[in-house]
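Q: Sharing run_19.txt below, compact mmCIF, C-alpha atoms:
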```txt
# COMPACT_ATOMS: atom_id res chain seq x y z
CA MET A 27 102.40 100.55 131.97
CA LYS A 28 104.10 98.84 134.92
CA TYR A 29 107.67 98.96 136.11
CA PHE A 30 109.34 95.82 134.75
CA LEU A 31 111.74 95.12 137.59
CA ARG A 32 109.03 94.86 140.27
CA GLN A 33 109.15 91.61 142.25
CA GLN A 34 105.90 90.27 140.77
CA ASN A 35 107.04 90.93 137.20
CA LEU A 36 110.35 89.23 137.90
CA GLN A 37 108.34 86.11 138.72
CA LEU A 38 106.63 86.39 135.33
CA LEU A 39 110.03 86.86 133.73
CA GLU A 40 111.21 83.67 135.41
CA ALA A 41 108.17 81.81 134.06
CA PHE A 42 109.21 82.85 130.56
CA SER A 43 112.52 81.03 131.02
CA PHE A 44 110.69 77.69 131.51
CA THR A 45 109.97 77.50 127.79
CA LYS A 46 111.68 78.43 124.52
CA ILE A 47 111.69 82.21 124.26
CA LEU A 48 113.00 84.77 121.82
CA TYR A 49 114.82 87.59 123.59
CA ALA A 50 114.85 90.55 121.20
CA PHE A 51 116.42 93.95 121.75
CA ASP A 52 116.65 97.26 119.99
CA PHE A 53 120.23 98.58 119.79
CA ASP A 54 120.48 102.38 120.20
CA GLY A 55 118.97 103.55 123.47
CA THR A 56 118.43 99.98 124.67
CA LEU A 57 121.60 97.88 124.47
CA ALA A 58 123.73 100.99 123.86
CA LYS A 59 123.44 104.46 125.34
CA ILE A 60 122.25 107.25 123.07
CA VAL A 61 125.29 109.38 122.24
CA PRO A 62 125.51 112.67 120.30
CA ASP A 63 127.38 110.98 117.46
CA PRO A 64 125.59 107.73 116.41
CA GLU A 65 128.85 106.49 114.89
CA LYS A 66 130.26 106.26 118.40
CA ALA A 67 127.38 104.28 119.86
CA HIS A 68 128.48 101.03 121.47
CA MET A 69 127.45 98.58 124.14
CA SER A 70 129.17 98.83 127.50
CA LYS A 71 131.55 95.97 128.23
CA ARG A 72 129.20 94.64 130.90
CA THR A 73 126.18 94.70 128.56
CA GLU A 74 128.13 92.94 125.83
CA GLU A 75 129.37 90.31 128.26
CA LEU A 76 125.87 89.63 129.63
CA LEU A 77 124.29 89.58 126.16
CA LEU A 78 126.89 87.11 124.92
CA LYS A 79 126.33 84.81 127.88
CA LEU A 80 122.58 84.93 127.31
CA ALA A 81 122.98 84.25 123.58
CA LYS A 82 124.93 81.08 124.40
CA LYS A 83 121.99 79.71 126.37
CA ALA A 84 118.94 81.21 124.67
CA THR A 85 117.71 82.68 121.39
CA VAL A 86 118.74 86.32 121.15
CA ALA A 87 118.01 88.82 118.36
CA VAL A 88 118.97 92.45 117.85
CA ILE A 89 116.52 94.52 115.81
CA SER A 90 117.68 97.99 114.87
CA GLY A 91 117.13 100.96 112.60
CA ARG A 92 120.76 100.70 111.55
CA GLY A 93 121.76 98.86 108.39
CA ILE A 94 122.77 95.23 108.95
CA GLN A 95 126.40 95.88 108.01
CA ASP A 96 126.62 98.72 110.51
CA LEU A 97 124.94 96.58 113.17
CA LYS A 98 127.40 93.74 112.60
CA LYS A 99 130.24 96.04 113.61
CA ARG A 100 128.58 96.78 116.95
CA VAL A 101 127.17 93.41 118.01
CA PRO A 102 129.33 90.34 118.81
CA ARG A 103 129.35 87.96 115.86
CA GLU A 104 128.05 85.12 118.04
CA ILE A 105 124.66 86.86 117.89
CA ARG A 106 123.48 85.80 114.48
CA LEU A 107 119.90 87.00 114.53
CA LEU A 108 120.25 90.57 113.34
CA VAL A 109 117.50 92.63 111.75
CA GLY A 110 118.36 96.02 110.26
CA ASN A 111 116.74 99.05 108.66
CA HIS A 112 113.76 99.13 111.06
CA GLY A 113 112.76 95.57 110.15
CA LEU A 114 113.40 95.70 106.41
CA GLU A 115 116.65 93.74 106.41
CA GLY A 116 115.45 90.64 108.16
CA VAL A 117 116.99 87.30 108.96
CA HIS A 118 115.28 86.05 105.82
CA PRO A 119 114.96 89.24 103.76
CA ARG A 120 112.06 89.74 101.39
CA LYS A 121 113.88 90.39 98.11
CA ASN A 122 110.99 92.21 96.49
CA ALA A 123 110.48 94.61 99.41
CA LEU A 124 114.22 95.29 99.52
CA ASN A 125 114.40 96.09 95.79
CA GLN A 126 111.44 98.42 96.08
CA ALA A 127 112.91 100.11 99.15
CA HIS A 128 116.27 100.57 97.44
CA ALA A 129 114.62 102.15 94.38
CA ALA A 130 112.59 104.53 96.59
CA VAL A 131 115.70 105.52 98.56
CA GLU A 132 117.61 106.31 95.34
CA THR A 133 114.77 108.57 94.13
CA TRP A 134 114.64 110.45 97.45
CA LYS A 135 118.41 110.83 97.48
CA LYS A 136 118.39 112.46 94.04
CA LYS A 137 115.96 115.08 95.35
CA LEU A 138 117.54 115.55 98.76
CA VAL A 139 121.27 115.74 97.99
CA PRO A 140 121.12 119.09 96.09
CA LEU A 141 118.63 120.46 98.61
CA LEU A 142 120.87 119.74 101.57
CA LYS A 143 123.68 121.76 99.97
CA THR A 144 121.64 124.95 100.38
CA GLU A 145 122.22 127.36 103.29
CA LYS A 146 118.87 126.54 104.90
CA PHE A 147 119.97 122.98 105.58
CA HIS A 148 123.49 123.72 106.78
CA GLY A 149 124.39 121.10 109.38
CA VAL A 150 121.97 118.42 108.16
CA ASP A 151 123.70 115.10 107.45
CA LEU A 152 122.23 112.51 105.16
CA GLU A 153 122.90 108.89 106.13
CA ASP A 154 122.24 106.34 103.41
CA LYS A 155 121.39 102.95 104.92
CA GLY A 156 120.68 101.35 101.57
CA PHE A 157 117.04 100.63 102.20
CA SER A 158 116.21 103.72 104.27
CA LEU A 159 117.61 107.21 104.83
CA SER A 160 118.32 109.16 107.98
CA LEU A 161 118.50 112.93 108.15
CA HIS A 162 120.50 113.98 111.21
CA TYR A 163 120.03 117.59 112.27
CA ARG A 164 121.90 117.54 115.57
CA ARG A 165 124.64 119.78 114.09
CA CYS A 166 122.14 122.48 113.09
CA ARG A 167 122.14 125.65 115.17
CA LYS A 168 118.39 126.04 115.01
CA LYS A 169 117.24 122.47 115.33
CA LYS A 170 113.50 123.12 115.47
CA GLU A 171 113.60 125.23 112.34
CA ALA A 172 115.74 122.71 110.51
CA LYS A 173 113.29 119.93 111.39
CA ALA A 174 110.30 121.99 110.22
CA HIS A 175 111.99 122.82 106.91
CA LEU A 176 112.93 119.20 106.38
CA LEU A 177 109.40 117.97 107.07
CA LYS A 178 107.98 120.49 104.61
CA HIS A 179 110.27 119.21 101.85
CA LEU A 180 109.80 115.56 102.70
CA GLU A 181 106.08 115.89 101.99
CA THR A 182 106.89 116.66 98.36
CA LEU A 183 109.04 113.57 97.77
CA PRO A 184 107.77 111.00 95.27
CA ASN A 185 106.34 107.89 96.99
CA PRO A 186 106.22 109.84 100.29
CA PRO A 187 108.23 107.99 102.93
CA ARG A 188 107.06 106.95 106.35
CA ILE A 189 108.84 109.37 108.67
CA ILE A 190 110.10 107.97 111.92
CA TYR A 191 111.09 110.59 114.46
CA GLY A 192 114.23 109.94 116.45
CA LYS A 193 116.43 112.05 118.68
CA THR A 194 117.54 114.90 116.32
CA VAL A 195 117.03 112.58 113.38
CA LEU A 196 114.29 111.90 110.86
CA ASN A 197 114.29 108.38 109.44
CA LEU A 198 112.76 107.90 106.02
CA VAL A 199 111.42 104.42 105.43
CA PRO A 200 109.39 103.26 102.41
CA ALA A 201 105.72 103.36 103.36
CA GLY A 202 104.22 99.90 103.78
CA ALA A 203 107.62 98.22 104.07
CA PRO A 204 108.09 95.42 106.68
CA HIS A 205 108.68 96.95 110.11
CA LYS A 206 110.07 95.74 113.44
CA GLY A 207 106.73 94.19 114.43
CA ILE A 208 106.73 92.05 111.31
CA ALA A 209 110.37 91.16 111.96
CA VAL A 210 109.57 89.83 115.44
CA THR A 211 106.54 87.80 114.31
CA ASP A 212 108.59 86.48 111.37
CA LEU A 213 111.31 85.34 113.76
CA LEU A 214 108.79 83.62 116.03
CA GLN A 215 107.34 81.75 113.09
CA LYS A 216 110.65 80.81 111.48
CA LEU A 217 112.26 79.68 114.72
CA ASN A 218 109.08 77.93 115.89
CA ILE A 219 109.08 79.84 119.17
CA SER A 220 105.83 80.68 120.91
CA LYS A 221 106.82 83.64 123.08
CA ALA A 222 109.08 86.70 122.88
CA ILE A 223 110.30 89.46 125.12
CA TYR A 224 111.04 92.66 123.21
CA ILE A 225 112.84 95.63 124.75
CA GLY A 226 113.18 98.95 122.93
CA ASP A 227 113.05 102.70 123.37
CA ASP A 228 112.40 104.06 119.90
CA GLU A 229 109.30 105.13 118.03
CA THR A 230 109.82 102.24 115.61
CA ASP A 231 109.67 99.86 118.58
CA GLU A 232 106.02 100.84 118.90
CA ASP A 233 105.53 98.75 115.75
CA VAL A 234 106.23 95.76 118.00
CA PHE A 235 104.39 97.01 121.10
CA SER A 236 101.24 97.98 119.22
CA LEU A 237 100.86 94.55 117.61
CA ASN A 238 98.73 93.57 120.59
CA ASP A 239 100.07 90.08 120.12
CA ASN A 240 99.82 88.09 123.35
CA ARG A 241 102.90 86.14 122.35
CA ILE A 242 105.07 89.24 122.79
CA LEU A 243 105.88 90.89 126.10
CA GLY A 244 106.89 94.50 125.38
CA VAL A 245 109.20 96.59 127.53
CA HIS A 246 109.84 100.27 126.83
CA VAL A 247 113.08 101.87 127.97
CA GLY A 248 111.87 104.97 129.81
CA LYS A 249 108.36 105.56 131.11
CA LYS A 250 106.20 106.90 128.30
CA LYS A 251 102.43 107.15 128.70
CA SER A 252 101.70 106.98 124.99
CA SER A 253 103.68 103.75 124.54
CA GLN A 254 101.78 100.54 123.87
CA ALA A 255 104.33 98.46 125.79
CA GLN A 256 103.07 96.67 128.91
CA TYR A 257 106.18 97.36 130.97
CA TYR A 258 108.92 99.94 131.26
CA LEU A 259 112.45 100.34 132.53
CA GLU A 260 113.44 103.60 134.22
CA SER A 261 116.51 104.15 132.05
CA GLN A 262 118.94 102.50 129.64
CA PRO A 263 121.52 101.36 132.22
CA GLU A 264 118.82 99.08 133.73
CA ILE A 265 119.24 96.84 130.69
CA ASN A 266 122.13 95.22 132.56
CA ASP A 267 119.83 94.34 135.47
CA VAL A 268 117.39 92.77 133.02
CA LEU A 269 120.10 90.81 131.21
CA LYS A 270 121.48 89.63 134.54
CA LYS A 271 118.04 88.47 135.63
CA LEU A 272 117.37 86.72 132.30
CA LEU A 273 120.70 84.97 132.54
CA GLU A 274 120.07 83.87 136.14
CA ASN A 275 116.74 82.42 135.04
CA VAL A 276 118.08 80.40 132.12
CA GLU A 277 121.00 79.14 134.20
CA LYS A 278 118.83 77.90 137.09
CA MET B 19 75.91 40.53 125.68
CA LYS B 20 76.46 41.80 122.16
CA LYS B 21 80.11 42.02 121.14
CA GLU B 22 79.92 45.65 119.91
CA PHE B 23 78.97 46.83 123.41
CA LEU B 24 82.18 45.42 124.84
CA ALA B 25 84.06 48.43 123.42
CA VAL B 26 81.74 50.78 125.33
CA PHE B 27 82.35 48.82 128.54
CA HIS B 28 86.08 49.17 127.99
CA LEU B 29 85.73 52.92 127.49
CA ILE B 30 83.77 53.27 130.71
CA SER B 31 86.37 51.19 132.48
CA ILE B 32 89.14 53.46 131.10
CA ALA B 33 87.26 56.55 132.32
CA ARG B 34 86.96 55.01 135.83
CA THR B 35 90.64 54.07 135.88
CA VAL B 36 91.73 57.53 134.79
CA GLN B 37 89.54 59.06 137.49
CA GLU B 38 91.08 56.76 140.07
CA LEU B 39 94.60 57.55 138.84
CA ASN B 40 93.80 61.24 139.03
CA PHE B 41 92.80 60.80 142.65
CA ARG B 42 95.87 58.71 143.51
CA PHE B 43 98.27 61.14 141.83
CA GLU B 44 96.80 64.09 143.68
CA LYS B 45 97.10 62.25 146.98
CA LYS B 46 100.68 61.15 146.39
CA PHE B 47 102.16 64.08 144.42
CA GLU B 48 99.80 66.97 145.27
CA LEU B 49 98.94 67.11 141.58
CA SER B 50 96.26 65.22 139.65
CA LEU B 51 96.81 64.17 136.05
CA ALA B 52 94.44 66.90 134.88
CA GLN B 53 96.36 69.50 136.89
CA TRP B 54 99.65 68.17 135.53
CA MET B 55 98.29 68.64 132.00
CA LEU B 56 97.16 72.18 132.82
CA LEU B 57 100.57 73.11 134.25
CA SER B 58 102.38 71.54 131.28
CA HIS B 59 100.38 73.71 128.89
CA LEU B 60 100.88 76.80 131.04
CA LYS B 61 104.63 76.21 131.01
CA ASP B 62 104.64 76.96 127.28
CA LEU B 63 102.19 79.85 127.55
CA PRO B 64 103.58 82.15 130.24
CA GLY B 65 101.44 85.26 130.74
CA CYS B 66 98.41 83.82 128.95
CA SER B 67 94.82 84.50 130.01
CA ALA B 68 92.47 81.82 131.37
CA PHE B 69 90.63 81.94 128.04
CA GLU B 70 93.80 81.29 126.03
CA LEU B 71 94.71 78.43 128.34
CA SER B 72 91.23 76.91 128.04
CA GLU B 73 91.55 77.04 124.24
CA ALA B 74 94.91 75.27 124.39
CA LEU B 75 93.44 72.61 126.68
CA GLN B 76 90.21 72.42 124.66
CA VAL B 77 88.03 72.83 127.72
CA HIS B 78 85.38 75.38 128.67
CA PRO B 79 86.92 78.44 130.46
CA SER B 80 84.51 78.12 133.41
CA SER B 81 85.71 74.57 134.12
CA LEU B 82 89.24 75.91 134.57
CA THR B 83 88.47 78.34 137.39
CA PRO B 84 88.36 75.83 140.30
CA ALA B 85 91.54 74.11 139.11
CA LEU B 86 93.35 77.44 138.79
CA LYS B 87 92.28 78.43 142.30
CA ARG B 88 93.58 75.15 143.72
CA LEU B 89 96.88 75.42 141.88
CA LYS B 90 97.35 79.01 143.03
CA LYS B 91 96.70 77.96 146.62
CA LYS B 92 99.33 75.25 146.27
CA GLY B 93 101.77 77.87 144.98
CA PHE B 94 102.25 76.20 141.58
CA ILE B 95 100.88 79.11 139.55
CA ALA B 96 100.67 82.87 140.01
CA ILE B 97 98.10 85.28 138.66
CA SER B 98 98.76 88.95 137.96
CA ASN B 99 96.82 91.88 136.55
CA ASP B 100 97.56 92.75 132.93
CA PRO B 101 99.27 96.17 132.73
CA LYS B 102 97.29 97.12 129.60
CA ASP B 103 93.90 95.55 130.18
CA SER B 104 92.42 95.68 133.69
CA ARG B 105 89.85 92.98 132.80
CA ARG B 106 92.55 90.51 131.90
CA LYS B 107 94.50 88.34 134.33
CA ASN B 108 97.83 86.84 133.34
CA LEU B 109 98.66 83.32 134.43
CA TYR B 110 102.09 81.85 134.78
CA LEU B 111 103.94 78.98 136.35
CA THR B 112 106.02 79.46 139.51
CA ARG B 113 109.34 77.69 139.98
CA GLU B 114 107.58 75.32 142.42
CA GLY B 115 105.06 74.52 139.70
CA ARG B 116 107.80 73.88 137.16
CA ASP B 117 109.66 71.60 139.61
CA GLN B 118 106.44 69.74 140.37
CA ILE B 119 105.85 69.01 136.66
CA GLN B 120 109.40 67.76 136.33
CA SER B 121 109.17 65.47 139.34
CA LEU B 122 105.89 64.02 138.10
CA THR B 123 106.84 63.48 134.48
CA PRO B 124 108.76 60.18 135.03
CA HIS B 125 105.64 58.74 136.70
CA ILE B 126 103.40 59.82 133.82
CA ARG B 127 105.38 58.16 131.03
CA PRO B 128 104.78 54.52 132.09
CA LEU B 129 101.03 55.17 132.19
CA VAL B 130 100.68 54.95 128.43
CA GLY B 131 103.17 52.08 128.07
CA ASN B 132 103.47 50.96 124.47
CA LEU B 133 100.17 52.46 123.37
CA GLN B 134 100.41 54.37 120.12
CA LEU B 135 99.53 58.07 120.28
CA THR B 136 97.42 57.70 117.12
CA THR B 137 95.29 55.01 118.79
CA ILE B 138 94.58 57.24 121.78
CA GLN B 139 93.90 60.20 119.49
CA LYS B 140 91.40 58.11 117.49
CA ILE B 141 89.50 57.16 120.65
CA ASP B 142 89.53 60.80 121.80
CA GLN B 143 88.27 62.05 118.43
CA THR B 144 85.52 59.42 118.29
CA LEU B 145 84.27 60.33 121.75
CA THR B 146 84.55 64.09 121.14
CA GLY B 147 82.35 63.58 118.07
CA ARG B 148 79.63 62.11 120.34
CA ASN B 149 79.61 65.16 122.60
CA GLN B 150 76.43 66.52 121.01
CA ILE B 151 74.31 63.71 122.44
```
Show me, as structure tokens, the structure contained in the file I just sent.

A:
Amino acid sequence: MKYFLRQQNLQLLEAFSFTKILYAFDFDGTLAKIVPDPEKAHMSKRTEELLLKLAKKATVAVISGRGIQDLKKRVPREIRLLVGNHGLEGVHPRKNALNQAHAAVETWKKKLVPLLKTEKFHGVDLEDKGFSLSLHYRRCRKKKEAKAHLLKHLETLPNPPRIIYGKTVLNLVPAGAPHKGIAVTDLLQKLNISKAIYIGDDETDEDVFSLNDNRILGVHVGKKKSSQAQYYLESQPEINDVLKKLLENVEK
Amino acid sequence: MKKEFLAVFHLISIARTVQELNFRFEKKFELSLAQWMLLSHLKDLPGCSAFELSEALQVHPSSLTPALKRLKKKGFIAISNDPKDSRRKNLYLTREGRDQIQSLTPHIRPLVGNLQLTTIQKIDQTLTGRNQI
């Protein structure tokens, strides 16, 4: 893993701007800072301004674990390429996969709602994203215990979900459903673009990084040895430096 | 001379002319036609390996090495180590390389004149088919 904003890598970044490129970003932890209450997550004014300018000159997509409707409230409407629910709600959604995901989510909800009312799970919030669920345990006093209890119960759910670990949250996604990696390759194919730069910080972003697809240049926000991304940024605020550089390149 | 051999003579003549043009372009613009083609492909494949580029150009990877060295020396391309695979080198165009392609492109267009792409492709395919000889 190499630091992305090194001089030599900036030259590579410039070379990307010579052809048609898809610039794709995760939302939470990448375009927006991670905040204790996910409802309050938003892009800084500067990030939004830079992203908008870039979207006017190049192809920009935002790919998030949030539902599309939620994402639409947080991303300027000029950015039309939005993918939600960890890749499930794509630009061209697969109806069959969505129906199956929705059915699975309803079954899990039926089991989880009564369970979460018990004392053991006090402070756990269930977020229904339509095609996936999120269990937030940041309000729990004993977070580790709450997580362990949740995991134990999640194993017993029918059609066991794929569990994606986030910061004080467990995301439940239907196993085998389209993920962010599929969303990026789908976008490349549908837009007839040969290369992409993908920047993300989440575990689900590893679905993109681990594709080992030479068409995609992966950048992880934060240095993480286990990540499959080729490059990293030190921290989230550096996203503005990247956007600024990308914009400079496309404007030259 | 039999008439059917005339076509072969024309092909040989084309090969000689292209070689000569290659030489003249390199002298005048620092870039031969073959190098221009390589850079044009690389423009759309930033960060590719030499093997990927050779596949796109439909040439043997070993035949690319001298051209890549020359282009690097001229500052038209850059080569970096892949962060994930130490055996792999990533190739990409520099701004100078991009500008060079752009300045050369208007001189390339008149070369083919009114010739149809399909005609040229047919000749190319016919000759490629004789490669096993």

Q: What residues have an atom no more than 12 Å from (112.5, 75.0, 140.3) in the file's own frame, counting all atoms listed in the file, and can you write them as a VMD selection string?

A: (chain A and resid 37 40 to 41 43 to 44 275 to 278) or (chain B and resid 94 111 to 121)

Q: Deliver the residues from the most recent selection as a file, using C-alpha atoms, as an mmCIF file, in the coordinates of the input.

A:
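Output saved as part.cif:
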```cif
data_model
loop_
_atom_site.group_PDB
_atom_site.id
_atom_site.type_symbol
_atom_site.label_atom_id
_atom_site.label_comp_id
_atom_site.auth_asym_id
_atom_site.auth_seq_id
_atom_site.Cartn_x
_atom_site.Cartn_y
_atom_site.Cartn_z
ATOM 1 C CA GLN A 37 108.340 86.110 138.720
ATOM 2 C CA GLU A 40 111.210 83.670 135.410
ATOM 3 C CA ALA A 41 108.170 81.810 134.060
ATOM 4 C CA SER A 43 112.520 81.030 131.020
ATOM 5 C CA PHE A 44 110.690 77.690 131.510
ATOM 6 C CA ASN A 275 116.740 82.420 135.040
ATOM 7 C CA VAL A 276 118.080 80.400 132.120
ATOM 8 C CA GLU A 277 121.000 79.140 134.200
ATOM 9 C CA LYS A 278 118.830 77.900 137.090
ATOM 10 C CA PHE B 94 102.250 76.200 141.580
ATOM 11 C CA LEU B 111 103.940 78.980 136.350
ATOM 12 C CA THR B 112 106.020 79.460 139.510
ATOM 13 C CA ARG B 113 109.340 77.690 139.980
ATOM 14 C CA GLU B 114 107.580 75.320 142.420
ATOM 15 C CA GLY B 115 105.060 74.520 139.700
ATOM 16 C CA ARG B 116 107.800 73.880 137.160
ATOM 17 C CA ASP B 117 109.660 71.600 139.610
ATOM 18 C CA GLN B 118 106.440 69.740 140.370
ATOM 19 C CA ILE B 119 105.850 69.010 136.660
ATOM 20 C CA GLN B 120 109.400 67.760 136.330
ATOM 21 C CA SER B 121 109.170 65.470 139.340
#
```

Q: Measuring between all atoms listed in the file, which one of A:Lys99, A:Phe30, A:Gln215, A:Lys271 shows the shortest distance to Leu243 (chain A)?

A: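 Nearest candidate to Leu243 (chain A) out of A:Lys99, A:Phe30, A:Gln215, A:Lys271: A:Phe30.
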
Q: Pull out every residue of chain A sitting within 9 Å of chain B, counting only C-alpha atoms, and send them as a PDB file with C-alpha atoms, in the coordinates of the input.

A:
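As written to disk, iface.pdb reads:
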```pdb
ATOM      1  CA  MET A  27     102.400 100.550 131.970  1.00  0.00           C
ATOM      2  CA  LYS A  28     104.100  98.840 134.920  1.00  0.00           C
ATOM      3  CA  GLN A  34     105.900  90.270 140.770  1.00  0.00           C
ATOM      4  CA  ASN A  35     107.040  90.930 137.200  1.00  0.00           C
ATOM      5  CA  GLN A  37     108.340  86.110 138.720  1.00  0.00           C
ATOM      6  CA  LEU A  38     106.630  86.390 135.330  1.00  0.00           C
ATOM      7  CA  LEU A  39     110.030  86.860 133.730  1.00  0.00           C
ATOM      8  CA  GLU A  40     111.210  83.670 135.410  1.00  0.00           C
ATOM      9  CA  ALA A  41     108.170  81.810 134.060  1.00  0.00           C
ATOM     10  CA  PHE A  42     109.210  82.850 130.560  1.00  0.00           C
ATOM     11  CA  PHE A  44     110.690  77.690 131.510  1.00  0.00           C
ATOM     12  CA  THR A  45     109.970  77.500 127.790  1.00  0.00           C
ATOM     13  CA  LYS A  46     111.680  78.430 124.520  1.00  0.00           C
ATOM     14  CA  SER A 220     105.830  80.680 120.910  1.00  0.00           C
ATOM     15  CA  LYS A 221     106.820  83.640 123.080  1.00  0.00           C
ATOM     16  CA  ASN A 240      99.820  88.090 123.350  1.00  0.00           C
ATOM     17  CA  ARG A 241     102.900  86.140 122.350  1.00  0.00           C
ATOM     18  CA  LEU A 243     105.880  90.890 126.100  1.00  0.00           C
ATOM     19  CA  GLN A 254     101.780 100.540 123.870  1.00  0.00           C
ATOM     20  CA  ALA A 255     104.330  98.460 125.790  1.00  0.00           C
ATOM     21  CA  GLN A 256     103.070  96.670 128.910  1.00  0.00           C
ATOM     22  CA  TYR A 257     106.180  97.360 130.970  1.00  0.00           C
TER      23      TYR A 257
END
```

Q: For a test of reading the model, state the distance in Å between CA of Thr194 (chain A) and CA of Lys169 (chain A), rounded to one decimal.

A: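 One can read the CA of Thr194 (chain A) to CA of Lys169 (chain A) distance as 7.6 Å.
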
Q: Kindly extract all protein, DNA and RNA residues lying within 12 Å of the coordinates (91.8, 77.5, 126.7) given in the file, considering all atoms listed in the file, and supply them as a list in words.

A: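 Selection result: Leu56, His59, Leu60, Leu63, Cys66, Ser67, Ala68, Phe69, Glu70, Leu71, Ser72, Glu73, Ala74, Leu75, Gln76, Val77, His78, Pro79, Ser80, Ser81, Leu82, Thr83 and Leu109 of chain B.
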
Q: Need to verify the contact set: Leu39 (chain B), 10 Å, all atoms listed in the file, exclusion of same-chain residues closer than 6 positions in sequence. Can you return it as a ChimeraX atom specification?

A: /B:33,45,50-51,129

Q: In Å, with one decimal, what is the gap from CA of Met69 (chain A) to CA of Leu259 (chain A)?

A: 17.3 Å

Q: To one decimal place, how far is CA of Lys170 (chain A) from CA of Phe147 (chain A) in Å?

A: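 These two atoms are separated by 11.8 Å.
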
Q: Can you list, as a list in words, every protein, DNA or RNA residue that comes within 12 Å of Glu232 (chain A) when you count all atoms listed in the file, leaving out same-chain residues fewer than 6 positions away?

A: Asp52, His112, Ile190, Tyr191, His205, Lys206, Gly207, Ile208, Tyr224, Ile225, Gly226, Asn238, Gly244, Val245, His246, Val247, Lys250, Ser252, Ser253, Gln254, Ala255 and Gln256 of chain A

Q: Would you please work out which residue, of B:Met55, B:Leu29, B:Leu24, B:Ile126, is nearest to Asp142 (chain B) when using all atoms listed in the file?

A: B:Leu29

Q: Would you mind listing what lies within 8 Å of region 149-159 of chain A as a PyMOL selection string, with all atoms listed in the file counted and same-chain residues fewer than 3 positions away left out?

A: chain A and resi 92-93+111+114+124+127-128+131+139+142+162-167+172+197-200

Q: Nearest to Leu213 (chain A) among A:Val88, A:Lys79, A:Gly55, A:Ala67, with distances taken over all atoms listed in the file: which residue is it?

A: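 Residue with the minimum atom-to-atom distance to Leu213 (chain A): A:Val88.
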